[in-house]
$ cat final19.pdb   # PDB, C-alpha atoms, pLDDT in the B column
ATOM      1  CA  MET A  10      82.953 149.212 100.012  1.00 54.00           C
ATOM      2  CA  ALA A  11      84.718 146.513 101.986  1.00 55.00           C
ATOM      3  CA  THR A  12      86.387 143.664 100.159  1.00 58.00           C
ATOM      4  CA  ARG A  13      85.870 140.032 100.988  1.00 57.00           C
ATOM      5  CA  ARG A  14      88.733 137.626 101.146  1.00 57.00           C
ATOM      6  CA  GLY A  15      86.748 135.097  99.162  1.00 52.00           C
ATOM      7  CA  VAL A  16      84.428 132.327 100.183  1.00 48.00           C
ATOM      8  CA  ARG A  17      86.374 129.530  98.543  1.00 55.00           C
ATOM      9  CA  THR A  18      89.976 130.681  98.813  1.00 53.00           C
ATOM     10  CA  GLU A  19      90.905 127.426 100.525  1.00 56.00           C
ATOM     11  CA  SER A  20      89.450 125.474  97.630  1.00 63.00           C
ATOM     12  CA  ALA A  21      91.500 127.608  95.231  1.00 59.00           C
ATOM     13  CA  LYS A  22      94.662 126.834  97.210  1.00 69.00           C
ATOM     14  CA  GLU A  23      93.794 123.125  97.282  1.00 72.00           C
ATOM     15  CA  GLY A  24      93.192 123.221  93.531  1.00 67.00           C
ATOM     16  CA  THR A  25      96.577 124.832  92.956  1.00 71.00           C
ATOM     17  CA  THR A  26      98.264 122.216  95.131  1.00 79.00           C
ATOM     18  CA  ARG A  27      96.491 119.460  93.203  1.00 78.00           C
ATOM     19  CA  ILE A  28      97.652 120.938  89.884  1.00 78.00           C
ATOM     20  CA  TYR A  29     101.276 121.179  90.983  1.00 80.00           C
ATOM     21  CA  ASN A  30     101.251 117.629  92.367  1.00 85.00           C
ATOM     22  CA  TYR A  31      99.878 116.400  89.034  1.00 84.00           C
ATOM     23  CA  ILE A  32     102.583 118.276  87.132  1.00 86.00           C
ATOM     24  CA  TRP A  33     105.314 116.960  89.464  1.00 89.00           C
ATOM     25  CA  ARG A  34     104.212 113.412  88.628  1.00 90.00           C
ATOM     26  CA  THR A  35     104.576 114.317  84.963  1.00 89.00           C
ATOM     27  CA  TYR A  36     108.119 115.515  85.670  1.00 91.00           C
ATOM     28  CA  ILE A  37     108.868 112.198  87.398  1.00 92.00           C
ATOM     29  CA  LEU A  38     107.631 110.290  84.342  1.00 90.00           C
ATOM     30  CA  TRP A  39     109.797 112.503  82.134  1.00 90.00           C
ATOM     31  CA  ILE A  40     112.848 111.727  84.289  1.00 91.00           C
ATOM     32  CA  VAL A  41     112.036 107.999  84.112  1.00 90.00           C
ATOM     33  CA  GLY A  42     111.954 108.303  80.306  1.00 88.00           C
ATOM     34  CA  ILE A  43     115.313 110.086  80.318  1.00 89.00           C
ATOM     35  CA  ILE A  44     116.810 107.377  82.555  1.00 90.00           C
ATOM     36  CA  ILE A  45     115.500 104.657  80.226  1.00 85.00           C
ATOM     37  CA  GLY A  46     117.174 106.421  77.303  1.00 85.00           C
ATOM     38  CA  VAL A  47     120.457 107.139  79.071  1.00 85.00           C
ATOM     39  CA  LEU A  48     120.882 103.638  80.447  1.00 85.00           C
ATOM     40  CA  GLY A  49     119.615 102.045  77.251  1.00 81.00           C
ATOM     41  CA  LEU A  50     117.108  99.898  79.110  1.00 77.00           C
ATOM     42  CA  LYS A  51     115.116  97.630  76.813  1.00 78.00           C
ATOM     43  CA  PRO A  52     112.806  95.531  78.970  1.00 76.00           C
ATOM     44  CA  THR A  53     111.415  92.464  77.228  1.00 76.00           C
ATOM     45  CA  SER A  54     108.797  91.586  79.835  1.00 75.00           C
ATOM     46  CA  ALA A  55     106.956  93.040  82.806  1.00 74.00           C
ATOM     47  CA  ASN A  56     105.450  91.236  85.795  1.00 77.00           C
ATOM     48  CA  ALA A  57     102.572  92.610  87.843  1.00 76.00           C
ATOM     49  CA  LEU A  58     100.321  90.688  90.233  1.00 79.00           C
ATOM     50  CA  GLY A  59     101.479  87.391  88.795  1.00 78.00           C
ATOM     51  CA  ILE A  60     100.715  88.431  85.223  1.00 81.00           C
ATOM     52  CA  THR A  61     103.606  88.461  82.773  1.00 80.00           C
ATOM     53  CA  LEU A  62     103.467  90.840  79.832  1.00 74.00           C
ATOM     54  CA  THR A  63     105.862  90.225  76.960  1.00 77.00           C
ATOM     55  CA  ILE A  64     107.020  93.335  75.112  1.00 73.00           C
ATOM     56  CA  GLU A  65     107.670  92.707  71.412  1.00 76.00           C
ATOM     57  CA  LYS A  66     109.443  96.023  70.745  1.00 76.00           C
ATOM     58  CA  PRO A  67     111.419  96.969  73.866  1.00 75.00           C
ATOM     59  CA  GLU A  68     112.789 100.164  72.265  1.00 78.00           C
ATOM     60  CA  VAL A  69     109.265 101.601  72.328  1.00 85.00           C
ATOM     61  CA  VAL A  70     109.041 101.733  76.142  1.00 87.00           C
ATOM     62  CA  GLN A  71     110.809 105.104  76.395  1.00 88.00           C
ATOM     63  CA  GLY A  72     108.520 106.537  73.717  1.00 88.00           C
ATOM     64  CA  ILE A  73     105.422 105.318  75.521  1.00 89.00           C
ATOM     65  CA  VAL A  74     106.605 106.996  78.728  1.00 90.00           C
ATOM     66  CA  TYR A  75     107.167 110.206  76.743  1.00 91.00           C
ATOM     67  CA  PHE A  76     103.767 109.868  75.065  1.00 92.00           C
ATOM     68  CA  VAL A  77     102.096 109.579  78.484  1.00 91.00           C
ATOM     69  CA  CYS A  78     103.979 112.719  79.616  1.00 92.00           C
ATOM     70  CA  VAL A  79     102.729 114.694  76.615  1.00 91.00           C
ATOM     71  CA  LEU A  80      99.161 113.481  77.196  1.00 90.00           C
ATOM     72  CA  ARG A  81      99.361 114.430  80.881  1.00 89.00           C
ATOM     73  CA  THR A  82     100.599 117.911  79.914  1.00 88.00           C
ATOM     74  CA  VAL A  83      97.727 118.406  77.477  1.00 86.00           C
ATOM     75  CA  TYR A  84      95.258 117.159  80.099  1.00 85.00           C
ATOM     76  CA  ALA A  85      96.674 119.521  82.716  1.00 82.00           C
ATOM     77  CA  GLY A  86      96.429 122.451  80.338  1.00 77.00           C
ATOM     78  CA  LEU A  87      92.844 121.726  79.347  1.00 74.00           C
ATOM     79  CA  ASN A  88      91.428 120.586  82.668  1.00 71.00           C
ATOM     80  CA  PHE A  89      93.217 122.559  85.350  1.00 68.00           C
ATOM     81  CA  GLN A  90      93.489 125.986  83.726  1.00 67.00           C
ATOM     82  CA  ASN A  91      89.907 126.912  84.579  1.00 64.00           C
ATOM     83  CA  ARG A  92      90.207 125.981  88.271  1.00 63.00           C
ATOM     84  CA  THR A  93      92.587 128.705  89.374  1.00 63.00           C
ATOM     85  CA  ASN A  94      92.276 131.271  86.587  1.00 68.00           C
ATOM     86  CA  PRO A  95      91.387 134.606  88.206  1.00 69.00           C
ATOM     87  CA  PHE A  96      89.946 135.874  84.935  1.00 68.00           C
ATOM     88  CA  LEU A  97      87.313 133.104  85.048  1.00 70.00           C
ATOM     89  CA  ARG A  98      86.716 132.537  88.778  1.00 72.00           C
ATOM     90  CA  VAL A  99      85.454 135.206  91.147  1.00 73.00           C
ATOM     91  CA  ASP A 100      86.934 133.662  94.301  1.00 73.00           C
ATOM     92  CA  CYS A 101      90.432 133.619  92.795  1.00 74.00           C
ATOM     93  CA  LEU A 102      89.991 137.195  91.597  1.00 78.00           C
ATOM     94  CA  ARG A 103      88.944 138.244  95.102  1.00 79.00           C
ATOM     95  CA  LEU A 104      92.096 136.677  96.495  1.00 77.00           C
ATOM     96  CA  TYR A 105      94.246 138.673  94.044  1.00 78.00           C
ATOM     97  CA  ILE A 106      92.396 141.897  94.920  1.00 80.00           C
ATOM     98  CA  TRP A 107      92.756 141.186  98.640  1.00 79.00           C
ATOM     99  CA  ASN A 108      96.485 140.603  98.269  1.00 77.00           C
ATOM    100  CA  SER A 109      96.969 143.729  96.108  1.00 78.00           C
ATOM    101  CA  LEU A 110      95.470 146.121  98.639  1.00 78.00           C
ATOM    102  CA  PRO A 111      97.920 147.634 101.123  1.00 73.00           C
ATOM    103  CA  LYS A 112      98.187 146.175 104.616  1.00 74.00           C
ATOM    104  CA  GLY A 113      95.582 147.535 106.972  1.00 72.00           C
ATOM    105  CA  THR A 114      93.489 148.881 104.086  1.00 71.00           C
ATOM    106  CA  LYS A 115      91.159 146.078 103.117  1.00 70.00           C
ATOM    107  CA  SER A 116      88.517 148.452 101.820  1.00 73.00           C
ATOM    108  CA  PHE A 117      88.011 150.625  98.769  1.00 76.00           C
ATOM    109  CA  ARG A 118      86.668 153.498 100.887  1.00 77.00           C
ATOM    110  CA  GLY A 119      88.574 156.721 100.640  1.00 77.00           C
ATOM    111  CA  LEU A 120      90.804 155.541  97.793  1.00 77.00           C
ATOM    112  CA  SER A 121      91.247 157.884  94.862  1.00 83.00           C
ATOM    113  CA  ARG A 122      90.394 156.917  91.307  1.00 86.00           C
ATOM    114  CA  ASP A 123      94.080 156.847  90.362  1.00 89.00           C
ATOM    115  CA  TYR A 124      94.868 154.510  93.225  1.00 84.00           C
ATOM    116  CA  LEU A 125      92.002 152.187  92.239  1.00 83.00           C
ATOM    117  CA  ILE A 126      93.446 152.051  88.716  1.00 88.00           C
ATOM    118  CA  GLN A 127      96.844 151.167  90.214  1.00 87.00           C
ATOM    119  CA  VAL A 128      95.247 148.336  92.232  1.00 83.00           C
ATOM    120  CA  LYS A 129      93.471 147.096  89.109  1.00 84.00           C
ATOM    121  CA  LYS A 130      96.744 147.063  87.149  1.00 88.00           C
ATOM    122  CA  ALA A 131      98.519 145.282  90.011  1.00 85.00           C
ATOM    123  CA  VAL A 132      95.813 142.607  90.127  1.00 84.00           C
ATOM    124  CA  ARG A 133      95.969 142.048  86.371  1.00 84.00           C
ATOM    125  CA  SER A 134      99.760 141.898  86.231  1.00 86.00           C
ATOM    126  CA  SER A 135     100.088 139.522  89.180  1.00 82.00           C
ATOM    127  CA  ALA A 136      97.371 137.264  87.742  1.00 80.00           C
ATOM    128  CA  ARG A 137      99.084 137.202  84.339  1.00 81.00           C
ATOM    129  CA  ILE A 138     102.470 136.461  85.890  1.00 83.00           C
ATOM    130  CA  ASP A 139     101.069 133.609  87.988  1.00 78.00           C
ATOM    131  CA  THR A 140      99.196 132.141  85.006  1.00 77.00           C
ATOM    132  CA  LEU A 141     102.256 132.407  82.753  1.00 79.00           C
ATOM    133  CA  GLN A 142     104.454 130.845  85.436  1.00 79.00           C
ATOM    134  CA  SER A 143     102.170 127.845  85.893  1.00 77.00           C
ATOM    135  CA  ILE A 144     101.774 127.316  82.140  1.00 80.00           C
ATOM    136  CA  THR A 145     105.541 127.515  81.619  1.00 83.00           C
ATOM    137  CA  PHE A 146     106.132 125.094  84.479  1.00 82.00           C
ATOM    138  CA  ALA A 147     103.632 122.638  82.998  1.00 81.00           C
ATOM    139  CA  ILE A 148     104.836 122.609  79.384  1.00 86.00           C
ATOM    140  CA  VAL A 149     108.577 122.170  79.964  1.00 88.00           C
ATOM    141  CA  PRO A 150     108.522 118.329  79.737  1.00 89.00           C
ATOM    142  CA  ALA A 151     106.303 118.348  76.644  1.00 89.00           C
ATOM    143  CA  PHE A 152     108.488 120.968  74.971  1.00 90.00           C
ATOM    144  CA  PHE A 153     111.682 118.984  75.500  1.00 91.00           C
ATOM    145  CA  ILE A 154     110.038 115.707  74.501  1.00 89.00           C
ATOM    146  CA  ILE A 155     108.536 117.073  71.294  1.00 89.00           C
ATOM    147  CA  PHE A 156     111.589 119.027  70.150  1.00 91.00           C
ATOM    148  CA  PHE A 157     114.515 116.972  71.469  1.00 90.00           C
ATOM    149  CA  SER A 158     113.221 113.393  71.824  1.00 85.00           C
ATOM    150  CA  THR A 159     111.077 113.120  68.744  1.00 87.00           C
ATOM    151  CA  ARG A 160     112.319 109.718  67.548  1.00 89.00           C
ATOM    152  CA  PRO A 161     111.241 107.687  70.628  1.00 88.00           C
ATOM    153  CA  LEU A 162     107.925 109.540  70.669  1.00 88.00           C
ATOM    154  CA  LEU A 163     107.264 108.769  67.007  1.00 88.00           C
ATOM    155  CA  ARG A 164     108.191 105.109  67.549  1.00 87.00           C
ATOM    156  CA  ALA A 165     105.654 104.904  70.356  1.00 87.00           C
ATOM    157  CA  ILE A 166     102.945 106.567  68.305  1.00 87.00           C
ATOM    158  CA  ASP A 167     103.712 104.178  65.436  1.00 87.00           C
ATOM    159  CA  ALA A 168     103.486 101.214  67.820  1.00 84.00           C
ATOM    160  CA  ILE A 169     100.193 102.453  69.269  1.00 83.00           C
ATOM    161  CA  ILE A 170      98.677 103.058  65.831  1.00 85.00           C
ATOM    162  CA  GLY A 171      99.998  99.667  64.683  1.00 78.00           C
ATOM    163  CA  LEU A 172      98.105  97.986  67.531  1.00 64.00           C
ATOM    164  CA  VAL A 173      94.777  99.353  66.403  1.00 47.00           C
TER     165      VAL A 173
END
$ encode --input "final19.pdb" --output "structure tokens"
Amino acid sequence: MATRRGVRTESAKEGTTRIYNYIWRTYILWIVGIIIGVLGLKPTSANALGITLTIEKPEVVQGIVYFVCVLRTVYAGLNFQNRTNPFLRVDCLRLYIWNSLPKGTKSFRGLSRDYLIQVKKAVRSSARIDTLQSITFAIVPAFFIIFFSTRPLLRAIDAIIGLV
């Protein structure tokens, strides 16, 4: 039986690129929060399109940036995981199978049962490694914010709850 490369492999690659771009923006926000903390910036007002916004608690700005980073990480984990997960999508699984077969042998014909089991194990391990790598890459900012910058995050949550 011949294997297909996958009908929507380009869409899977575009989805992966979209996920990584989203996560990179989260990293940029995390770095902005770190810079605000290191420099001790406490803005009292913000201007945008001629509108001036006065900030009553300037020490909360870093926490709000961190809070947005944590929310973006949760959103990425919930929304994007199903788009490139080979255990849920057939086109992604086909791409892993296609890449696991040896060069010049893009068919299952003539392969022994033991070799098919080896291909199956290779597909599963490479899919798990890729999934674990992307999850680890995505949760690094949230991990450091929650465990090492808890005080600004709690101040922001207190300010947001106090507004309601």
$ resolve_selection --input "final19.pdb" --expression "the PyMOL selection byres ((chain A and resi 154) around 10)" --output "list in words"
Trp39, Gly42, Ile43, Gly72, Tyr75, Phe76, Cys78, Val79, Ile148, Val149, Pro150, Ala151, Phe152, Phe153, Ile155, Phe156, Phe157, Ser158, Thr159, Arg160, Pro161 and Leu162 of chain A
$ atom_distance --input "final19.pdb" --atom1 "CA of Thr82 (chain A)" --atom2 "CA of Ala55 (chain A)"
25.8 Å
$ axis_aligned_box --input "final19.pdb" --around "region 43-48 of chain A" --padding-each-side "6 Å" --output "lines of an AutoDock Vina configuration file"
center_x = 118.1
center_y = 106.9
center_z = 79.9
size_x = 17.6
size_y = 18.4
size_z = 17.3
$ closest_residue --input "final19.pdb" --among "A:Lys66, A:Lys115, A:Arg122, A:Arg81" --to "Asp167 (chain A)" --atoms "all atoms listed in the file"
A:Lys66
$ atom_distance --input "final19.pdb" --atom1 "CA of Ile144 (chain A)" --atom2 "CA of Leu97 (chain A)"
15.8 Å
$ atom_distance --input "final19.pdb" --atom1 "CA of Asn56 (chain A)" --atom2 "CA of Tyr84 (chain A)"
28.4 Å
$ closest_residue --input "final19.pdb" --among "A:Gln71, A:Asn88, A:Ser134, A:Thr63" --to "Val47 (chain A)" --atoms "all atoms listed in the file"
A:Gln71
$ resolve_selection --input "final19.pdb" --expression "the PyMOL selection byres ((chain A and resi 117) around 12)" --output "PDB file with C-alpha atoms, in the coordinates of the input"
ATOM      1  CA  MET A  10      82.953 149.212 100.012  1.00 54.00           C
ATOM      2  CA  ALA A  11      84.718 146.513 101.986  1.00 55.00           C
ATOM      3  CA  THR A  12      86.387 143.664 100.159  1.00 58.00           C
ATOM      4  CA  ARG A  13      85.870 140.032 100.988  1.00 57.00           C
ATOM      5  CA  ILE A 106      92.396 141.897  94.920  1.00 80.00           C
ATOM      6  CA  TRP A 107      92.756 141.186  98.640  1.00 79.00           C
ATOM      7  CA  SER A 109      96.969 143.729  96.108  1.00 78.00           C
ATOM      8  CA  LEU A 110      95.470 146.121  98.639  1.00 78.00           C
ATOM      9  CA  PRO A 111      97.920 147.634 101.123  1.00 73.00           C
ATOM     10  CA  GLY A 113      95.582 147.535 106.972  1.00 72.00           C
ATOM     11  CA  THR A 114      93.489 148.881 104.086  1.00 71.00           C
ATOM     12  CA  LYS A 115      91.159 146.078 103.117  1.00 70.00           C
ATOM     13  CA  SER A 116      88.517 148.452 101.820  1.00 73.00           C
ATOM     14  CA  ARG A 118      86.668 153.498 100.887  1.00 77.00           C
ATOM     15  CA  GLY A 119      88.574 156.721 100.640  1.00 77.00           C
ATOM     16  CA  LEU A 120      90.804 155.541  97.793  1.00 77.00           C
ATOM     17  CA  SER A 121      91.247 157.884  94.862  1.00 83.00           C
ATOM     18  CA  ARG A 122      90.394 156.917  91.307  1.00 86.00           C
ATOM     19  CA  TYR A 124      94.868 154.510  93.225  1.00 84.00           C
ATOM     20  CA  LEU A 125      92.002 152.187  92.239  1.00 83.00           C
ATOM     21  CA  ILE A 126      93.446 152.051  88.716  1.00 88.00           C
ATOM     22  CA  VAL A 128      95.247 148.336  92.232  1.00 83.00           C
ATOM     23  CA  LYS A 129      93.471 147.096  89.109  1.00 84.00           C
TER      24      LYS A 129
END
$ closest_residue --input "final19.pdb" --among "A:Gly59, A:Val70, A:Leu104, A:Ile169" --to "Ile45 (chain A)" --atoms "all atoms listed in the file"
A:Val70
$ closest_residue --input "final19.pdb" --among "A:Ala147, A:Ala131, A:Glu65, A:Cys101" --to "Tyr36 (chain A)" --atoms "all atoms listed in the file"
A:Ala147
